[in-house]
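A.B. asks: Structure: work04.txt, compact mmCIF, C-alpha atoms.
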```txt
# COMPACT_ATOMS: atom_id res chain seq x y z
CA MET A 1 -24.24 11.39 -8.13
CA ASN A 2 -23.08 14.80 -6.91
CA ALA A 3 -23.48 13.61 -3.33
CA PHE A 4 -21.02 10.83 -3.96
CA ARG A 5 -18.57 13.22 -5.65
CA ASN A 6 -18.65 15.45 -2.57
CA LYS A 7 -18.29 12.68 -0.04
CA ALA A 8 -15.95 10.21 -1.73
CA ILE A 9 -13.12 10.65 0.77
CA LEU A 10 -12.39 7.10 1.83
CA LEU A 11 -9.36 6.51 -0.37
CA PRO A 12 -7.67 9.87 0.26
CA MET A 13 -8.06 9.29 4.00
CA THR A 14 -6.65 5.81 3.63
CA VAL A 15 -3.63 6.93 1.66
CA GLY A 16 -2.97 9.78 4.06
CA LEU A 17 -2.94 7.46 7.05
CA ALA A 18 -0.82 4.88 5.26
CA LEU A 19 1.75 7.52 4.34
CA ALA A 20 1.81 8.92 7.85
CA LEU A 21 2.43 5.49 9.29
CA ALA A 22 4.98 4.48 6.68
CA GLY A 23 6.88 7.75 6.89
CA CYS A 24 7.30 7.42 10.64
CA GLY A 25 7.84 3.71 10.88
CA GLY A 26 4.46 2.51 9.86
CA ALA A 27 2.11 -0.30 9.37
CA ALA A 28 0.79 -3.77 7.82
CA GLN A 29 0.42 -7.46 7.90
CA THR A 30 -0.87 -9.77 5.12
CA PRO A 31 0.16 -11.02 2.75
CA GLN A 32 3.38 -12.72 3.84
CA PRO A 33 6.47 -11.34 2.12
CA THR A 34 7.24 -13.17 -1.12
CA PRO A 35 10.70 -13.54 -2.61
CA VAL A 36 11.63 -10.23 -4.23
CA ALA A 37 13.00 -9.83 -7.72
CA GLU A 38 16.79 -9.96 -7.65
CA SER A 39 19.52 -8.80 -9.97
CA ALA A 40 21.04 -11.26 -12.40
CA THR A 41 23.89 -11.90 -9.98
CA THR A 42 22.60 -13.02 -6.59
CA GLN A 43 24.38 -11.45 -3.65
CA ALA A 44 24.73 -13.69 -0.61
CA ALA A 45 23.89 -12.25 2.79
CA PRO A 46 26.88 -11.14 4.89
CA ALA A 47 27.58 -12.66 8.29
CA THR A 48 26.24 -9.60 10.12
CA ALA A 49 23.79 -6.83 9.29
CA PRO A 50 25.50 -3.80 7.75
CA ASP A 51 25.50 -0.44 9.48
CA ALA A 52 22.21 1.44 9.03
CA LYS A 53 24.06 4.43 7.57
CA GLU A 54 25.39 2.13 4.86
CA ILE A 55 22.23 0.29 3.85
CA PHE A 56 19.41 2.80 4.38
CA PRO A 57 20.48 5.04 1.46
CA LYS A 58 20.60 1.94 -0.75
CA VAL A 59 17.07 1.00 0.30
CA THR A 60 15.92 4.52 -0.52
CA GLU A 61 17.34 4.14 -4.02
CA THR A 62 15.51 0.84 -4.59
CA VAL A 63 12.27 2.57 -3.58
CA LYS A 64 12.91 5.51 -5.90
CA SER A 65 13.74 3.28 -8.88
CA ALA A 66 11.03 0.65 -8.37
CA LYS A 67 8.63 0.13 -11.29
CA SER A 68 6.05 -1.86 -9.31
CA VAL A 69 5.36 -3.16 -5.81
CA ALA A 70 2.69 -4.81 -3.66
CA ILE A 71 1.91 -3.30 -0.26
CA ALA A 72 -0.35 -4.79 2.39
CA GLY A 73 -1.41 -3.52 5.76
CA ASP A 74 -3.69 -3.89 8.72
CA MET A 75 -3.37 -0.57 10.50
CA SER A 76 -5.07 1.43 13.18
CA ARG A 77 -4.75 4.78 14.83
CA GLY A 78 -7.07 5.43 17.73
CA ALA A 79 -10.50 4.08 16.80
CA GLU A 80 -9.75 4.08 13.06
CA ASN A 81 -8.74 0.81 11.43
CA ILE A 82 -7.73 0.26 7.83
CA LYS A 83 -6.99 -2.98 6.00
CA LEU A 84 -5.49 -2.59 2.56
CA LYS A 85 -3.85 -4.48 -0.26
CA ILE A 86 -2.30 -2.33 -2.97
CA SER A 87 -0.31 -3.52 -5.96
CA GLY A 88 0.60 -2.10 -9.32
CA THR A 89 2.95 -0.11 -11.48
CA ARG A 90 4.51 3.24 -10.69
CA ASP A 91 3.11 4.80 -13.88
CA GLY A 92 -0.44 3.99 -12.77
CA SER A 93 -1.33 2.07 -15.92
CA ASN A 94 -2.10 -1.11 -14.03
CA ALA A 95 -3.09 -1.37 -10.38
CA LEU A 96 -5.39 -2.99 -7.85
CA ALA A 97 -6.37 -1.52 -4.48
CA GLU A 98 -8.58 -3.31 -1.96
CA ILE A 99 -9.46 -1.26 1.11
CA THR A 100 -11.64 -1.89 4.15
CA MET A 101 -12.35 1.00 6.49
CA LYS A 102 -15.15 1.71 8.96
CA GLY A 103 -16.78 -1.57 7.99
CA ALA A 104 -16.94 -0.65 4.30
CA THR A 105 -14.97 -2.35 1.54
CA SER A 106 -14.01 -0.97 -1.87
CA THR A 107 -11.83 -2.17 -4.73
CA LEU A 108 -10.29 -0.02 -7.45
CA LEU A 109 -8.90 -1.71 -10.55
CA THR A 110 -7.00 0.09 -13.30
CA ALA A 111 -6.26 -1.71 -16.57
CA ASP A 112 -6.17 -0.76 -20.28
CA GLY A 113 -6.51 2.93 -19.45
CA VAL A 114 -9.75 2.58 -17.49
CA THR A 115 -10.39 2.58 -13.73
CA TYR A 116 -13.15 0.39 -12.31
CA LEU A 117 -14.78 0.43 -8.89
CA LYS A 118 -16.48 -2.37 -7.00
CA ALA A 119 -17.71 -1.67 -3.48
CA ASP A 120 -20.21 -2.92 -0.93
CA LYS A 121 -23.40 -1.08 -0.03
CA GLU A 122 -21.89 0.25 3.19
CA PHE A 123 -19.21 2.08 1.21
CA PHE A 124 -21.80 3.92 -0.88
CA ALA A 125 -23.97 4.59 2.17
CA GLN A 126 -21.07 6.21 4.02
CA ASN A 127 -19.95 8.28 1.06
CA ALA A 128 -23.22 9.15 -0.71
CA GLY A 129 -26.01 8.44 1.74
CA GLN A 130 -28.39 5.53 2.16
CA GLU A 131 -30.79 6.55 -0.61
CA ALA A 132 -27.99 6.79 -3.16
CA ALA A 133 -26.55 3.50 -1.93
CA ASP A 134 -29.88 1.77 -2.51
CA ALA A 135 -30.07 3.18 -6.03
CA ILE A 136 -26.49 2.22 -6.88
CA GLU A 137 -26.94 -1.31 -5.58
CA SER A 138 -30.04 -1.85 -7.71
CA MET A 139 -28.28 -0.54 -10.82
CA VAL A 140 -24.92 -2.26 -10.37
CA GLY A 141 -25.94 -5.79 -9.48
CA GLY A 142 -22.42 -6.84 -8.54
CA LYS A 143 -20.76 -5.45 -11.67
CA TRP A 144 -17.69 -3.23 -11.89
CA ILE A 145 -18.44 0.49 -12.27
CA ALA A 146 -16.39 2.16 -15.01
CA VAL A 147 -15.14 5.34 -13.37
CA THR A 148 -15.02 8.38 -15.65
CA ASP A 149 -13.18 10.61 -13.16
CA PRO A 150 -10.79 8.66 -10.89
CA ALA A 151 -9.71 11.99 -9.34
CA MET A 152 -12.90 11.98 -7.25
CA PHE A 153 -11.23 9.28 -5.17
CA GLY A 154 -8.13 11.38 -4.61
CA LYS A 155 -4.77 11.33 -6.33
CA PHE A 156 -4.10 7.76 -5.34
CA SER A 157 -1.36 5.72 -6.96
CA ILE A 158 1.63 3.49 -6.33
CA ALA A 159 3.75 6.43 -7.49
CA SER A 160 2.39 8.73 -4.78
CA LEU A 161 3.14 6.13 -2.13
CA LEU A 162 6.65 5.37 -3.37
CA ASP A 163 7.55 8.98 -4.16
CA SER A 164 6.42 10.19 -0.76
CA PHE A 165 8.42 7.54 1.01
CA GLY A 166 11.41 7.86 -1.28
CA SER A 167 11.60 11.63 -0.91
CA GLN A 168 12.20 11.24 2.82
CA GLY A 169 14.34 8.18 2.57
CA LEU A 170 15.43 5.81 5.30
CA ALA A 171 17.60 8.08 7.39
CA GLU A 172 18.62 7.17 10.92
CA SER A 173 16.72 10.23 12.09
CA ASP A 174 13.50 8.54 10.94
CA PHE A 175 14.06 5.67 13.34
CA GLY A 176 15.85 7.31 16.22
CA THR A 177 18.91 5.55 17.54
CA ILE A 178 19.36 2.03 16.21
CA SER A 179 19.49 -0.16 19.30
CA ASP A 180 19.86 -3.54 17.63
CA SER A 181 20.53 -5.11 14.23
CA SER A 182 20.56 -8.74 13.19
CA ILE A 183 19.97 -11.20 10.34
CA VAL A 184 16.67 -13.07 10.63
CA ASP A 185 14.34 -15.31 8.67
CA LEU A 186 11.24 -13.34 7.71
CA ASN A 187 8.71 -15.91 6.53
CA GLY A 188 11.29 -17.73 4.43
CA THR A 189 13.19 -14.64 3.28
CA LYS A 190 16.56 -13.77 4.81
CA ALA A 191 16.39 -10.21 6.11
CA PHE A 192 18.31 -7.54 7.98
CA LYS A 193 16.33 -6.44 11.02
CA TYR A 194 16.92 -3.00 12.53
CA THR A 195 15.30 -2.02 15.81
CA ALA A 196 15.02 1.60 16.88
CA GLN A 197 13.04 3.75 19.26
CA GLU A 198 10.24 4.51 16.80
CA ALA A 199 10.13 1.40 14.60
CA THR A 200 11.51 -1.92 13.49
CA VAL A 201 12.36 -2.38 9.83
CA TRP A 202 13.23 -5.48 7.79
CA ILE A 203 15.32 -5.26 4.61
CA ALA A 204 16.13 -8.02 2.10
CA ALA A 205 19.55 -9.46 2.96
CA GLU A 206 20.10 -11.19 -0.38
CA GLY A 207 19.97 -9.59 -3.80
CA ALA A 208 18.87 -5.95 -3.98
CA PRO A 209 18.17 -4.39 -0.55
CA TYR A 210 14.41 -4.11 -0.90
CA LEU A 211 12.25 -2.96 1.98
CA LEU A 212 10.25 -5.95 3.25
CA GLN A 213 8.43 -4.83 6.36
CA MET A 214 7.98 -1.93 8.78
CA GLN A 215 6.41 -1.91 12.23
CA PRO A 216 5.93 1.01 14.66
CA LYS A 217 6.96 0.57 18.29
CA ASP A 218 5.12 3.49 19.85
CA PRO A 219 1.38 2.89 19.36
CA GLU A 220 0.39 6.23 20.95
CA GLU A 221 2.46 8.15 18.41
CA GLN A 222 2.65 5.92 15.35
CA GLY A 223 -0.47 3.78 15.38
CA LEU A 224 -0.59 0.01 15.36
CA GLY A 225 0.10 -2.45 12.59
CA VAL A 226 2.71 -3.79 10.23
CA MET A 227 3.27 -2.74 6.63
CA THR A 228 4.53 -5.47 4.32
CA PHE A 229 6.16 -4.90 0.92
CA SER A 230 6.59 -7.61 -1.69
CA ASP A 231 6.93 -8.32 -5.42
CA TRP A 232 9.25 -5.38 -6.00
CA ASN A 233 9.47 -4.90 -9.80
CA ALA A 234 7.56 -8.15 -10.25
CA VAL A 235 3.85 -7.37 -9.76
CA ALA A 236 1.66 -9.45 -12.08
CA PRO A 237 -0.53 -7.26 -14.35
CA GLN A 238 -4.27 -6.99 -13.79
CA THR A 239 -6.80 -7.76 -16.52
CA ALA A 240 -9.73 -5.47 -17.25
CA PRO A 241 -13.15 -7.04 -16.60
CA ALA A 242 -15.22 -8.15 -19.56
CA LYS A 243 -17.68 -5.59 -20.95
CA ASP A 244 -20.67 -7.56 -19.71
CA GLU A 245 -19.20 -7.36 -16.22
CA THR A 246 -19.08 -3.57 -16.19
CA ILE A 247 -21.59 -0.74 -15.97
CA SER A 248 -21.45 3.05 -16.29
CA ILE A 249 -23.29 5.33 -13.86
CA PRO A 250 -23.76 9.06 -14.52
CA GLY A 251 -21.65 11.08 -12.11
CA LEU A 252 -19.16 8.29 -11.44
```
For this file, produce the structure as structure tokens.
C.D. replies:
Amino acid sequence: MNAFRNKAILLPMTVGLALALAGCGGAAQTPQPTPVAESATTQAAPATAPDAKEIFPKVTETVKSAKSVAIAGDMSRGAENIKLKISGTRDGSNALAEITMKGATSTLLTADGVTYLKADKEFFAQNAGQEAADAIESMVGGKWIAVTDPAMFGKFSIASLLDSFGSQGLAESDFGTISDSSIVDLNGTKAFKYTAQEATVWIAAEGAPYLLQMQPKDPEEQGLGVMTFSDWNAVAPQTAPAKDETISIPGL
């Protein structure tokens, strides 16, 4: 499968776009934000949203220290659209990524030290050619492919997403001048909402100040979409598929 090894660029492209959108005020809808894990002592929301200079550094710290998170998005830039659901641990030992791009869908599952791939025929056709896609489909029969070299899909992980975002942090310069702040109900979760020139951001108003949602405001510069964050430090672990549900393919 050398052709696949040379052309397997879908996930790196996806991660690159997701990071670009998130770093500048980026992307995602679905699923709806779920209640985030809180500290033992619940902190009630104040009467008004705190100053951005006060809370953004705290949000950055929660991102840097997070052990797990779920991220979902429906994003586009120009003619390119990406739908993704990513959840897992920072150390990469357990994760699930479901990505749809250019009409092709792929799922990567990591559990018990092994990474597995399940993808539709269109994914293999785009990345390895139609002939290889036909061969893979006939061999796989709907099973998970045990991946021997996950690096062929790029250095993709929850850690790379969180570390990239956390290294920049939520500084006011990332969002321009804050024009409005308020306390809102975000799908059942009380949140601080900050509106700026480049983006709108929602932050948990009760408990730890976790990032809940980001949305760009300038589609020509930032792309379209909403990026939703949930289950901070509370992502349920994935289970590896049974042996009779997996297959190994030379070159993958």
A.B. asks: May I ask for the distance between CA of Ser138 in chain A and CA of Asn81 in chain A, given in Å to one decimal place?
C.D. replies: 28.8 Å
A.B. asks: Measuring between all atoms listed in the file, which one of A:Ser106, A:Ser93, A:Gln215, A:Thr62 shows the shortest distance to Ala119 in chain A?
C.D. replies: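 Nearest candidate to Ala119 in chain A out of A:Ser106, A:Ser93, A:Gln215, A:Thr62: A:Ser106.
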A.B. asks: Counting only C-alpha atoms, figure out which residue out of A:Ser160, A:Thr105, A:Thr246, A:Ser68 gets nearest to Leu84 in chain A.
C.D. replies: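 That would be A:Thr105, the residue with the smallest distance to Leu84 in chain A.
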A.B. asks: Report, in Å with one decimal, the straight-line distance from CA of Ala125 in chain A to CA of Ala104 in chain A.
C.D. replies: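 Spanning CA of Ala125 in chain A to CA of Ala104 in chain A is a straight-line distance of 9.0 Å.
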A.B. asks: Quick one: residues within 12 Å of Thr115 in chain A, only C-alpha atoms, excluding same-chain residues fewer than 3 positions away - as a PyMOL selection string?
C.D. replies: chain A and resi 92-97+107-112+118+144-153+156-157+238-241+246-248+252
A.B. asks: With all atoms listed in the file as the basis for distance, which of A:Val59, A:Val235, A:Ala205, A:Ala79 is at the shortest distance from Thr189 in chain A?
C.D. replies: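 Using all atoms listed in the file, the shortest distance to Thr189 in chain A belongs to A:Ala205.
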A.B. asks: Restricting the calculation to only C-alpha atoms: of A:Met101, A:Ala66, A:Phe192, A:Ser182, which residue gets closest to Thr89 in chain A?
C.D. replies: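 Residue with the minimum atom-to-atom distance to Thr89 in chain A: A:Ala66.
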A.B. asks: Between CA of Leu224 in chain A and CA of Glu198 in chain A, what is the spacing in Å?
C.D. replies: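 Atom-to-atom, CA of Glu198 in chain A to CA of Leu224 in chain A, that is 11.8 Å.
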A.B. asks: Assuming 4 Å of padding per side, give the centre and edge lengths of the axis-aligned box around every listed atom of range 93-109 of chain A, in Å to one decimal and as JSON.
C.D. replies:
```
{"center_x": -9.1, "center_y": -0.6, "center_z": -3.5, "size_x": 23.6, "size_y": 13.4, "size_z": 32.9}
```
A.B. asks: From the list A:Lys67, A:Lys121, A:Lys83, A:Arg77, which residue is nearest Trp232 in chain A when using all atoms listed in the file?
C.D. replies: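 That would be A:Lys67, the residue with the smallest distance to Trp232 in chain A.
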A.B. asks: Place N, CA and C atoms on range 59-80 of chain A and deliver the coordinates as a PDB file, in the frame of the given file.
C.D. replies:
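Output (part.pdb):
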```
ATOM      1  N   VAL A  59      18.490   1.352   0.303  1.00  0.00           N
ATOM      2  CA  VAL A  59      17.070   1.000   0.300  1.00  0.00           C
ATOM      3  C   VAL A  59      16.255   2.134  -0.316  1.00  0.00           C
ATOM      4  N   THR A  60      16.605   3.359   0.037  1.00  0.00           N
ATOM      5  CA  THR A  60      15.920   4.520  -0.520  1.00  0.00           C
ATOM      6  C   THR A  60      16.011   4.531  -2.042  1.00  0.00           C
ATOM      7  N   GLU A  61      17.163   4.173  -2.569  1.00  0.00           N
ATOM      8  CA  GLU A  61      17.340   4.140  -4.020  1.00  0.00           C
ATOM      9  C   GLU A  61      16.491   3.062  -4.672  1.00  0.00           C
ATOM     10  N   THR A  62      16.359   1.890  -4.016  1.00  0.00           N
ATOM     11  CA  THR A  62      15.510   0.840  -4.590  1.00  0.00           C
ATOM     12  C   THR A  62      14.051   1.284  -4.615  1.00  0.00           C
ATOM     13  N   VAL A  63      13.638   2.050  -3.611  1.00  0.00           N
ATOM     14  CA  VAL A  63      12.270   2.570  -3.580  1.00  0.00           C
ATOM     15  C   VAL A  63      12.069   3.578  -4.716  1.00  0.00           C
ATOM     16  N   LYS A  64      13.023   4.475  -4.880  1.00  0.00           N
ATOM     17  CA  LYS A  64      12.910   5.510  -5.900  1.00  0.00           C
ATOM     18  C   LYS A  64      12.897   4.931  -7.316  1.00  0.00           C
ATOM     19  N   SER A  65      13.622   3.844  -7.534  1.00  0.00           N
ATOM     20  CA  SER A  65      13.740   3.280  -8.880  1.00  0.00           C
ATOM     21  C   SER A  65      12.734   2.178  -9.174  1.00  0.00           C
ATOM     22  N   ALA A  66      11.958   1.766  -8.192  1.00  0.00           N
ATOM     23  CA  ALA A  66      11.030   0.650  -8.370  1.00  0.00           C
ATOM     24  C   ALA A  66       9.963   0.959  -9.412  1.00  0.00           C
ATOM     25  N   LYS A  67       9.658  -0.015 -10.253  1.00  0.00           N
ATOM     26  CA  LYS A  67       8.630   0.130 -11.290  1.00  0.00           C
ATOM     27  C   LYS A  67       7.283  -0.401 -10.811  1.00  0.00           C
ATOM     28  N   SER A  68       7.294  -1.321  -9.843  1.00  0.00           N
ATOM     29  CA  SER A  68       6.050  -1.860  -9.310  1.00  0.00           C
ATOM     30  C   SER A  68       6.304  -2.442  -7.930  1.00  0.00           C
ATOM     31  N   VAL A  69       5.234  -2.607  -7.158  1.00  0.00           N
ATOM     32  CA  VAL A  69       5.360  -3.160  -5.810  1.00  0.00           C
ATOM     33  C   VAL A  69       3.973  -3.551  -5.317  1.00  0.00           C
ATOM     34  N   ALA A  70       3.934  -4.461  -4.350  1.00  0.00           N
ATOM     35  CA  ALA A  70       2.690  -4.810  -3.660  1.00  0.00           C
ATOM     36  C   ALA A  70       2.861  -4.432  -2.189  1.00  0.00           C
ATOM     37  N   ILE A  71       1.869  -3.757  -1.638  1.00  0.00           N
ATOM     38  CA  ILE A  71       1.910  -3.300  -0.260  1.00  0.00           C
ATOM     39  C   ILE A  71       0.649  -3.784   0.438  1.00  0.00           C
ATOM     40  N   ALA A  72       0.811  -4.310   1.649  1.00  0.00           N
ATOM     41  CA  ALA A  72      -0.350  -4.790   2.390  1.00  0.00           C
ATOM     42  C   ALA A  72      -0.274  -4.297   3.822  1.00  0.00           C
ATOM     43  N   GLY A  73      -1.416  -4.022   4.404  1.00  0.00           N
ATOM     44  CA  GLY A  73      -1.410  -3.520   5.760  1.00  0.00           C
ATOM     45  C   GLY A  73      -2.694  -3.778   6.512  1.00  0.00           C
ATOM     46  N   ASP A  74      -2.550  -3.843   7.806  1.00  0.00           N
ATOM     47  CA  ASP A  74      -3.690  -3.890   8.720  1.00  0.00           C
ATOM     48  C   ASP A  74      -3.340  -2.893   9.806  1.00  0.00           C
ATOM     49  N   MET A  75      -3.855  -1.669   9.692  1.00  0.00           N
ATOM     50  CA  MET A  75      -3.370  -0.570  10.500  1.00  0.00           C
ATOM     51  C   MET A  75      -4.481   0.077  11.296  1.00  0.00           C
ATOM     52  N   SER A  76      -4.096   0.696  12.390  1.00  0.00           N
ATOM     53  CA  SER A  76      -5.070   1.430  13.180  1.00  0.00           C
ATOM     54  C   SER A  76      -4.405   2.596  13.872  1.00  0.00           C
ATOM     55  N   ARG A  77      -5.166   3.631  14.056  1.00  0.00           N
ATOM     56  CA  ARG A  77      -4.750   4.780  14.830  1.00  0.00           C
ATOM     57  C   ARG A  77      -5.963   5.260  15.600  1.00  0.00           C
ATOM     58  N   GLY A  78      -5.897   5.139  16.923  1.00  0.00           N
ATOM     59  CA  GLY A  78      -7.070   5.430  17.730  1.00  0.00           C
ATOM     60  C   GLY A  78      -8.175   4.434  17.406  1.00  0.00           C
ATOM     61  N   ALA A  79      -9.362   4.952  17.116  1.00  0.00           N
ATOM     62  CA  ALA A  79     -10.500   4.080  16.800  1.00  0.00           C
ATOM     63  C   ALA A  79     -10.581   3.742  15.331  1.00  0.00           C
ATOM     64  N   GLU A  80      -9.683   4.290  14.516  1.00  0.00           N
ATOM     65  CA  GLU A  80      -9.750   4.080  13.060  1.00  0.00           C
ATOM     66  C   GLU A  80      -8.875   2.904  12.641  1.00  0.00           C
TER      67      GLU A  80
END
```
